[in-house]
$ cat target_10.txt   # compact mmCIF, C-alpha atoms
# COMPACT_ATOMS: atom_id res chain seq x y z
CA MET A 1 0.00 0.00 0.00
CA SER A 2 1.35 3.43 -0.98
CA LEU A 3 0.65 6.37 1.29
CA ASN A 4 -0.50 9.87 0.50
CA VAL A 5 1.16 12.24 2.95
CA ALA A 6 0.49 15.91 3.72
CA ILE A 7 2.74 18.17 5.77
CA ALA A 8 1.80 21.48 7.37
CA GLY A 9 4.67 23.76 8.37
CA ALA A 10 7.02 22.11 5.89
CA THR A 11 9.20 25.18 5.35
CA GLY A 12 10.20 25.62 9.01
CA HIS A 13 13.18 24.29 10.99
CA LEU A 14 12.12 20.64 10.93
CA GLY A 15 10.01 20.59 7.78
CA PRO A 16 12.44 20.30 4.83
CA ASN A 17 14.19 17.19 6.16
CA VAL A 18 10.84 15.58 6.98
CA VAL A 19 9.64 16.21 3.43
CA ARG A 20 12.86 14.80 1.99
CA ALA A 21 12.55 11.69 4.16
CA PHE A 22 9.12 10.93 2.68
CA LEU A 23 10.56 11.51 -0.81
CA ASP A 24 13.62 9.31 -0.25
CA VAL A 25 14.10 6.65 -2.92
CA SER A 26 13.94 3.94 -0.25
CA VAL A 27 10.20 4.61 0.20
CA TYR A 28 9.12 6.85 -2.69
CA PRO A 29 7.18 5.87 -4.74
CA SER A 30 7.10 2.24 -3.57
CA GLN A 31 5.55 2.97 -0.16
CA VAL A 32 4.81 6.70 -0.37
CA GLU A 33 2.89 7.71 -3.47
CA ARG A 34 2.34 11.42 -2.89
CA VAL A 35 3.82 14.11 -0.65
CA ALA A 36 1.91 17.39 -0.43
CA ILE A 37 2.92 20.44 1.59
CA PHE A 38 0.76 23.38 2.66
CA THR A 39 2.15 26.89 2.62
CA ARG A 40 0.86 30.44 2.48
CA ASN A 41 3.67 31.42 0.10
CA THR A 42 4.14 28.96 -2.74
CA ALA A 43 6.71 31.25 -4.37
CA SER A 44 9.13 31.22 -1.42
CA ASP A 45 12.60 29.76 -1.98
CA SER A 46 11.98 26.98 0.53
CA ALA A 47 8.65 25.99 -1.05
CA GLN A 48 10.17 25.98 -4.51
CA ALA A 49 13.10 23.88 -3.31
CA LEU A 50 10.68 21.29 -1.94
CA ARG A 51 8.71 21.38 -5.18
CA LEU A 52 11.92 20.60 -7.09
CA SER A 53 12.51 17.70 -4.71
CA GLY A 54 9.19 16.19 -5.76
CA ALA A 55 6.66 17.58 -3.30
CA GLU A 56 3.28 18.93 -4.39
CA VAL A 57 2.96 22.49 -3.09
CA ILE A 58 -0.55 23.59 -2.07
CA GLU A 59 -1.33 27.19 -1.26
CA GLY A 60 -3.34 27.71 1.92
CA GLU A 61 -4.22 25.53 4.88
CA PRO A 62 -5.41 21.93 5.28
CA THR A 63 -9.18 21.54 4.91
CA SER A 64 -11.53 18.59 4.93
CA GLU A 65 -11.75 19.00 1.15
CA ASN A 66 -8.04 19.06 0.23
CA LEU A 67 -7.23 16.29 2.73
CA LYS A 68 -9.74 13.81 1.32
CA SER A 69 -7.18 11.52 -0.31
CA ILE A 70 -4.56 11.92 2.43
CA ASP A 71 -3.56 9.01 4.70
CA VAL A 72 -1.07 10.82 6.96
CA LEU A 73 -1.00 14.45 8.14
CA VAL A 74 2.20 15.71 9.77
CA ASN A 75 1.82 18.95 11.73
CA LEU A 76 5.09 20.90 11.97
CA LEU A 77 3.54 24.27 12.75
CA SER A 78 5.41 26.90 14.71
CA ASP A 79 4.66 27.26 18.41
CA GLN A 80 3.32 30.71 17.53
CA VAL A 81 0.30 29.22 15.72
CA SER A 82 -2.88 29.50 17.77
CA PRO A 83 -4.60 26.52 19.42
CA ASP A 84 -7.73 27.19 17.35
CA THR A 85 -5.77 26.86 14.11
CA ARG A 86 -4.10 23.66 15.28
CA ASN A 87 -7.44 22.20 16.30
CA SER A 88 -9.01 23.17 12.99
CA TYR A 89 -6.32 21.19 11.15
CA ALA A 90 -6.95 18.13 13.32
CA GLN A 91 -10.70 18.41 12.81
CA ALA A 92 -10.23 18.76 9.05
CA ALA A 93 -8.10 15.61 9.07
CA ILE A 94 -10.77 13.70 11.00
CA ASP A 95 -13.53 14.88 8.67
CA ALA A 96 -11.47 13.92 5.62
CA GLY A 97 -10.75 10.40 6.88
CA VAL A 98 -7.02 10.84 7.49
CA ARG A 99 -5.72 7.71 9.19
CA VAL A 100 -2.63 8.97 11.03
CA TYR A 101 -1.96 12.41 12.54
CA PHE A 102 1.26 13.71 14.08
CA PRO A 103 0.61 16.83 16.23
CA ASN A 104 3.47 19.31 16.60
CA GLU A 105 5.06 17.98 19.77
CA PHE A 106 8.76 17.01 19.40
CA VAL A 107 11.59 18.14 21.76
CA ALA A 108 10.55 17.57 25.45
CA ASP A 109 8.08 15.00 26.77
CA PRO A 110 5.57 17.05 28.81
CA ARG A 111 4.48 13.99 30.77
CA VAL A 112 7.68 14.07 32.84
CA LEU A 113 8.34 17.79 33.17
CA ASP A 114 8.34 19.17 36.72
CA PHE A 115 6.95 22.56 35.68
CA GLN A 116 4.05 24.12 33.82
CA HIS A 117 4.57 26.22 30.69
CA PRO A 118 2.07 27.66 28.19
CA VAL A 119 3.80 26.08 25.17
CA TYR A 120 3.69 22.55 26.57
CA LYS A 121 0.18 23.10 27.91
CA MET A 122 -0.96 24.12 24.43
CA LYS A 123 0.69 21.12 22.78
CA THR A 124 -0.70 18.65 25.31
CA GLU A 125 -4.22 20.06 25.05
CA HIS A 126 -4.10 19.95 21.26
CA ALA A 127 -3.02 16.30 21.18
CA GLU A 128 -5.77 15.45 23.69
CA TYR A 129 -8.29 17.36 21.57
CA ALA A 130 -7.30 15.41 18.45
CA ARG A 131 -7.52 12.03 20.21
CA ASP A 132 -10.85 12.87 21.81
CA ARG A 133 -12.39 14.10 18.55
CA ALA A 134 -11.01 11.20 16.50
CA GLN A 135 -12.67 8.61 18.76
CA GLY A 136 -10.21 5.95 17.60
CA ASN A 137 -10.81 6.55 13.89
CA MET A 138 -7.53 8.46 13.42
CA LYS A 139 -4.29 7.39 15.07
CA VAL A 140 -2.70 10.37 16.85
CA ILE A 141 1.04 9.97 17.54
CA SER A 142 2.97 12.44 19.68
CA VAL A 143 6.71 12.29 19.00
CA TYR A 144 9.30 13.52 21.51
CA SER A 145 12.78 13.73 20.03
CA GLY A 146 14.82 15.84 22.42
CA GLN A 147 16.73 18.85 21.15
CA PHE A 148 17.15 19.12 17.37
CA LEU A 149 20.81 18.26 16.79
CA GLU A 150 21.28 20.88 14.07
CA TYR A 151 20.20 23.62 16.49
CA LEU A 152 22.06 22.43 19.58
CA PHE A 153 24.47 25.37 19.37
CA GLY A 154 21.90 27.74 17.87
CA ALA A 155 21.70 30.13 20.82
CA GLY A 156 25.36 29.76 21.75
CA ALA A 157 26.32 31.58 24.93
CA LEU A 158 22.69 32.55 25.55
CA SER A 159 21.84 28.90 26.18
CA GLY A 160 25.00 28.27 28.19
CA LEU A 161 27.13 26.92 25.33
CA ASP A 162 29.75 29.62 24.80
CA THR A 163 32.14 27.82 22.50
CA ILE A 164 33.95 30.96 21.39
CA ASN A 165 34.90 31.93 24.96
CA ARG A 166 35.36 28.27 25.95
CA ILE A 167 32.81 28.23 28.78
CA TYR A 168 29.79 25.91 29.08
CA THR A 169 27.32 26.54 31.90
CA ALA A 170 24.92 23.94 33.26
CA ALA A 171 21.80 24.76 35.27
CA GLY A 172 22.23 22.14 37.96
CA ASP A 173 24.25 18.95 37.56
CA PRO A 174 26.54 19.17 34.48
CA ASN A 175 26.54 15.37 34.29
CA ASN A 176 22.79 15.08 33.66
CA LYS A 177 22.14 14.00 30.09
CA PHE A 178 19.63 15.30 27.55
CA SER A 179 18.61 13.69 24.29
CA VAL A 180 19.31 15.13 20.86
CA THR A 181 18.10 13.88 17.48
CA SER A 182 18.92 15.20 14.03
CA THR A 183 16.03 16.50 11.93
CA THR A 184 17.03 14.04 9.20
CA ASP A 185 16.64 11.14 11.64
CA ILE A 186 13.33 12.54 12.89
CA GLY A 187 12.09 12.61 9.30
CA SER A 188 13.14 8.99 8.77
CA ALA A 189 11.41 7.99 12.00
CA LEU A 190 8.18 9.73 10.95
CA VAL A 191 8.22 7.77 7.69
CA LYS A 192 8.56 4.45 9.52
CA LEU A 193 5.90 5.39 12.08
CA SER A 194 3.52 6.36 9.26
CA ILE A 195 3.97 3.03 7.51
CA LEU A 196 3.62 1.01 10.72
CA ALA A 197 0.59 2.94 11.99
CA THR A 198 -1.35 2.72 8.73
CA GLU A 199 -0.71 -1.02 8.52
CA ASN A 200 -1.54 -1.64 12.19
CA PRO A 201 -2.39 1.31 14.46
CA ALA A 202 -1.94 -0.81 17.58
CA SER A 203 1.72 -1.43 16.68
CA VAL A 204 2.63 2.18 17.47
CA PRO A 205 2.12 3.78 20.90
CA ASP A 206 0.34 7.13 21.21
CA GLN A 207 3.54 8.68 22.56
CA VAL A 208 6.88 7.92 20.90
CA ARG A 209 10.30 8.89 22.23
CA LEU A 210 13.38 9.18 20.02
CA SER A 211 16.97 9.60 21.16
CA GLY A 212 19.50 9.85 18.36
CA ASP A 213 22.11 10.51 21.03
CA ALA A 214 22.27 11.74 24.62
CA VAL A 215 24.92 13.95 26.13
CA SER A 216 25.57 15.99 29.28
CA ILE A 217 26.97 19.51 29.37
CA ALA A 218 30.19 18.07 30.80
CA GLU A 219 30.45 15.49 28.01
CA LEU A 220 29.61 18.10 25.40
CA ALA A 221 32.48 20.27 26.65
CA GLN A 222 34.84 17.34 26.23
CA ILE A 223 33.58 16.50 22.72
CA VAL A 224 33.82 20.07 21.47
CA GLY A 225 37.11 20.70 23.27
CA LYS A 226 38.69 17.63 21.69
CA GLU A 227 37.52 18.64 18.22
CA ARG A 228 38.80 22.21 18.62
CA ALA A 229 41.97 21.21 20.53
CA GLU A 230 40.88 23.51 23.35
CA THR A 231 39.85 23.16 26.99
CA ILE A 232 36.27 24.21 27.64
CA GLU A 233 35.53 25.14 31.24
CA VAL A 234 32.30 23.80 32.74
CA LYS A 235 30.48 26.03 35.20
CA THR A 236 27.20 25.57 37.04
CA THR A 237 24.37 27.89 37.92
CA ASP A 238 21.42 27.44 40.25
CA ALA A 239 18.72 25.31 38.62
CA ALA A 240 15.98 26.57 40.95
CA GLU A 241 16.76 30.16 39.99
CA MET A 242 16.65 29.28 36.30
CA LYS A 243 13.29 27.57 36.80
CA ARG A 244 11.97 30.60 38.66
CA LYS A 245 12.92 32.89 35.78
CA PHE A 246 10.88 31.14 33.08
CA SER A 247 8.07 30.33 35.50
CA GLU A 248 7.62 34.03 36.19
CA ASN A 249 8.28 35.00 32.57
CA PRO A 250 7.17 32.24 30.16
CA ALA A 251 8.69 34.20 27.26
CA ASP A 252 12.15 33.53 28.72
CA LEU A 253 12.70 30.41 26.64
CA LEU A 254 16.48 30.54 27.01
CA SER A 255 16.17 29.96 30.76
CA LEU A 256 13.78 27.11 30.03
CA ILE A 257 16.29 25.54 27.62
CA LYS A 258 19.11 25.81 30.17
CA TYR A 259 16.94 24.22 32.84
CA VAL A 260 15.82 21.34 30.64
CA PHE A 261 19.39 20.65 29.49
CA GLY A 262 20.61 20.40 33.07
CA SER A 263 17.63 18.73 34.72
CA GLY A 264 17.86 15.26 33.20
CA LEU A 265 14.15 15.51 32.30
CA MET A 266 14.89 15.25 28.58
CA ASP A 267 17.11 12.18 28.79
CA PHE A 268 15.37 9.54 26.68
CA SER A 269 18.45 7.34 26.30
CA ARG A 270 17.08 4.58 28.54
CA GLU A 271 13.40 4.70 27.56
CA ASN A 272 12.75 5.31 23.88
CA ASN A 273 11.25 3.77 20.75
CA ASN A 274 14.36 3.78 18.58
CA GLU A 275 14.12 0.04 17.99
CA LEU A 276 10.54 0.34 16.80
CA VAL A 277 11.47 2.66 13.94
CA ASN A 278 15.05 1.56 13.27
CA PRO A 279 15.72 -1.91 14.71
CA GLY A 280 19.45 -2.49 15.09
CA GLU A 281 20.01 0.61 12.92
CA ALA A 282 18.92 -1.53 9.97
CA PHE A 283 17.51 1.44 8.06
CA TRP A 284 19.93 4.22 8.97
CA LYS A 285 22.65 5.15 11.46
CA TRP A 286 21.56 7.67 14.07
CA LYS A 287 23.65 10.83 13.82
CA SER A 288 25.60 11.47 17.01
CA VAL A 289 26.68 14.64 18.75
CA THR A 290 30.27 13.76 17.89
CA ASP A 291 29.31 13.47 14.21
CA ALA A 292 27.73 16.93 14.32
CA VAL A 293 30.63 18.53 16.19
CA ARG A 294 33.06 17.24 13.57
CA GLU A 295 31.07 19.29 11.08
CA ASN A 296 30.22 22.43 13.06
CA LYS A 297 33.07 22.63 15.62
CA GLY A 298 30.56 23.53 18.32
CA VAL A 299 29.28 26.60 16.49
CA TYR A 300 25.85 26.94 14.90
CA ARG A 301 25.94 26.62 11.13
CA PRO A 302 22.60 27.17 9.34
CA THR A 303 21.50 24.24 7.20
CA PRO A 304 21.26 25.09 3.49
CA SER A 305 17.65 25.23 2.27
CA THR A 306 18.40 23.17 -0.82
$ encode --input "target_10.txt" --output "structure tokens"
Amino acid sequence: MSLNVAIAGATGHLGPNVVRAFLDVSVYPSQVERVAIFTRNTASDSAQALRLSGAEVIEGEPTSENLKSIDVLVNLLSDQVSPDTRNSYAQAAIDAGVRVYFPNEFVADPRVLDFQHPVYKMKTEHAEYARDRAQGNMKVISVYSGQFLEYLFGAGALSGLDTINRIYTAAGDPNNKFSVTSTTDIGSALVKLSILATENPASVPDQVRLSGDAVSIAELAQIVGKERAETIEVKTTDAAEMKRKFSENPADLLSLIKYVFGSGLMDFSRENNNELVNPGEAFWKWKSVTDAVRENKGVYRPTPST
């Protein structure tokens, strides 16, 4: 059976590599027949690049009409998109008979967080809304992948990873690990989950954890220091104070990132579903932090759009 797949938010941080995974020759067109993306700007460079890759570019938003032939809807919308819009996409998918829906979760698993935050509250409520409305007729799969590997050094010193000045700062224990997964690997995992869930919905849990790699701030300092032939000093800051900052000011996402990195709450290395999507790394090799650091030297390097 070949799948028809639609992706909302395909031109964002995660989107292009997800689209390319569904268009990979290993599954397209043998297992994936059609890949459609929704965008408000079909003339943008990123949309045109995905069109050249083989995606069908649709102007506008998902509706019950344009989703009628779709089997899988992947929601990669920005966190800035309103709950009402998110819910309207899920409802459109249900009305159209979509079989599998991925809400925009990713990164942290809100089930284990020891704090409340509007972003995670919104994501959790949306996933619950979709499951409740679907009444078992559409499989809803929340995927938690840890930090996107390509953006690990994106905020640099602001997130505690000051490679240039050779200082890494952990909020709490610098030996606590956090999971990271490359966007390419996330895309490959979404393809496998789509195939498995359409064949047998019960074979895939409602919540899926991925962990391409896991690293602590202390280990990260060693990896980057070795690659750069430098010594990176590891400092600590008070985790409770960091938690207080973003609790009082939810817009302070940098404090939230520092806290999550140092808390151990995003360490999926022991409990994950890697083997479900990629048993024994039979389909691909998970990209490691060391692999990434060899390429970027511990400094953020934007991924080319093509």
$ closest_residue --input "target_10.txt" --among "A:Gly156, A:Ala21, A:Leu265, A:Ile141" --to "Trp284 in chain A" --atoms "only C-alpha atoms"
A:Ala21
$ residues_near_point --input "target_10.txt" --point "(13.0, 20.2, 25.2)" --cutoff "6 Å" --atoms "only C-alpha atoms" --output "JSON, numbers by chain"
{"A": [107, 108, 146, 147]}
$ atom_distance --input "target_10.txt" --atom1 "CA of Leu253 in chain A" --atom2 "CA of Ala47 in chain A"
28.3 Å
$ residues_around --input "target_10.txt" --residues "Asp84 in chain A" --least-positions-apart "2" --cutoff "12 Å" --atoms "all atoms listed in the file" --output "PyMOL selection string"
chain A and resi 80-82+86-91+122-123+125-126+129-130
$ closest_residue --input "target_10.txt" --among "A:Tyr28, A:Leu52, A:Thr124, A:Ala8" --to "Thr85 in chain A" --atoms "all atoms listed in the file"
A:Ala8
$ residues_around --input "target_10.txt" --residues "Asn137 in chain A" --least-positions-apart "4" --cutoff "12 Å" --atoms "all atoms listed in the file" --output "list in words"
Asp71, Gln91, Ala93, Ile94, Asp95, Ala96, Gly97, Val98, Arg99, Val100, Tyr101, Ala130, Arg131, Asp132, Arg133, Thr198 and Pro201 of chain A
$ write_last_selection --input "target_10.txt" --atoms "C-alpha atoms" --output "compact mmCIF listing (two decimals), in the frame of the given file"
# COMPACT_ATOMS: atom_id res chain seq x y z
CA ASP A 71 -3.56 9.01 4.70
CA GLN A 91 -10.70 18.41 12.81
CA ALA A 93 -8.10 15.61 9.07
CA ILE A 94 -10.77 13.70 11.00
CA ASP A 95 -13.53 14.88 8.67
CA ALA A 96 -11.47 13.92 5.62
CA GLY A 97 -10.75 10.40 6.88
CA VAL A 98 -7.02 10.84 7.49
CA ARG A 99 -5.72 7.71 9.19
CA VAL A 100 -2.63 8.97 11.03
CA TYR A 101 -1.96 12.41 12.54
CA ALA A 130 -7.30 15.41 18.45
CA ARG A 131 -7.52 12.03 20.21
CA ASP A 132 -10.85 12.87 21.81
CA ARG A 133 -12.39 14.10 18.55
CA THR A 198 -1.35 2.72 8.73
CA PRO A 201 -2.39 1.31 14.46
$ closest_residue --input "target_10.txt" --among "A:Ser194, A:Ser182, A:Ser255, A:Thr163" --to "Phe22 in chain A" --atoms "only C-alpha atoms"
A:Ser194
$ residues_around --input "target_10.txt" --residues "Ala49 in chain A" --least-positions-apart "3" --cutoff "10 Å" --atoms "only C-alpha atoms" --output "ChimeraX atom specification"
/A:11,16,43-46,52-55,305-306
$ write_last_selection --input "target_10.txt" --atoms "C-alpha atoms" --output "CSV table (one decimal), in the coordinates of the input"
chain,number,residue,atom,x,y,z
A,11,THR,CA,9.2,25.2,5.4
A,16,PRO,CA,12.4,20.3,4.8
A,43,ALA,CA,6.7,31.2,-4.4
A,44,SER,CA,9.1,31.2,-1.4
A,45,ASP,CA,12.6,29.8,-2.0
A,46,SER,CA,12.0,27.0,0.5
A,52,LEU,CA,11.9,20.6,-7.1
A,53,SER,CA,12.5,17.7,-4.7
A,54,GLY,CA,9.2,16.2,-5.8
A,55,ALA,CA,6.7,17.6,-3.3
A,305,SER,CA,17.6,25.2,2.3
A,306,THR,CA,18.4,23.2,-0.8
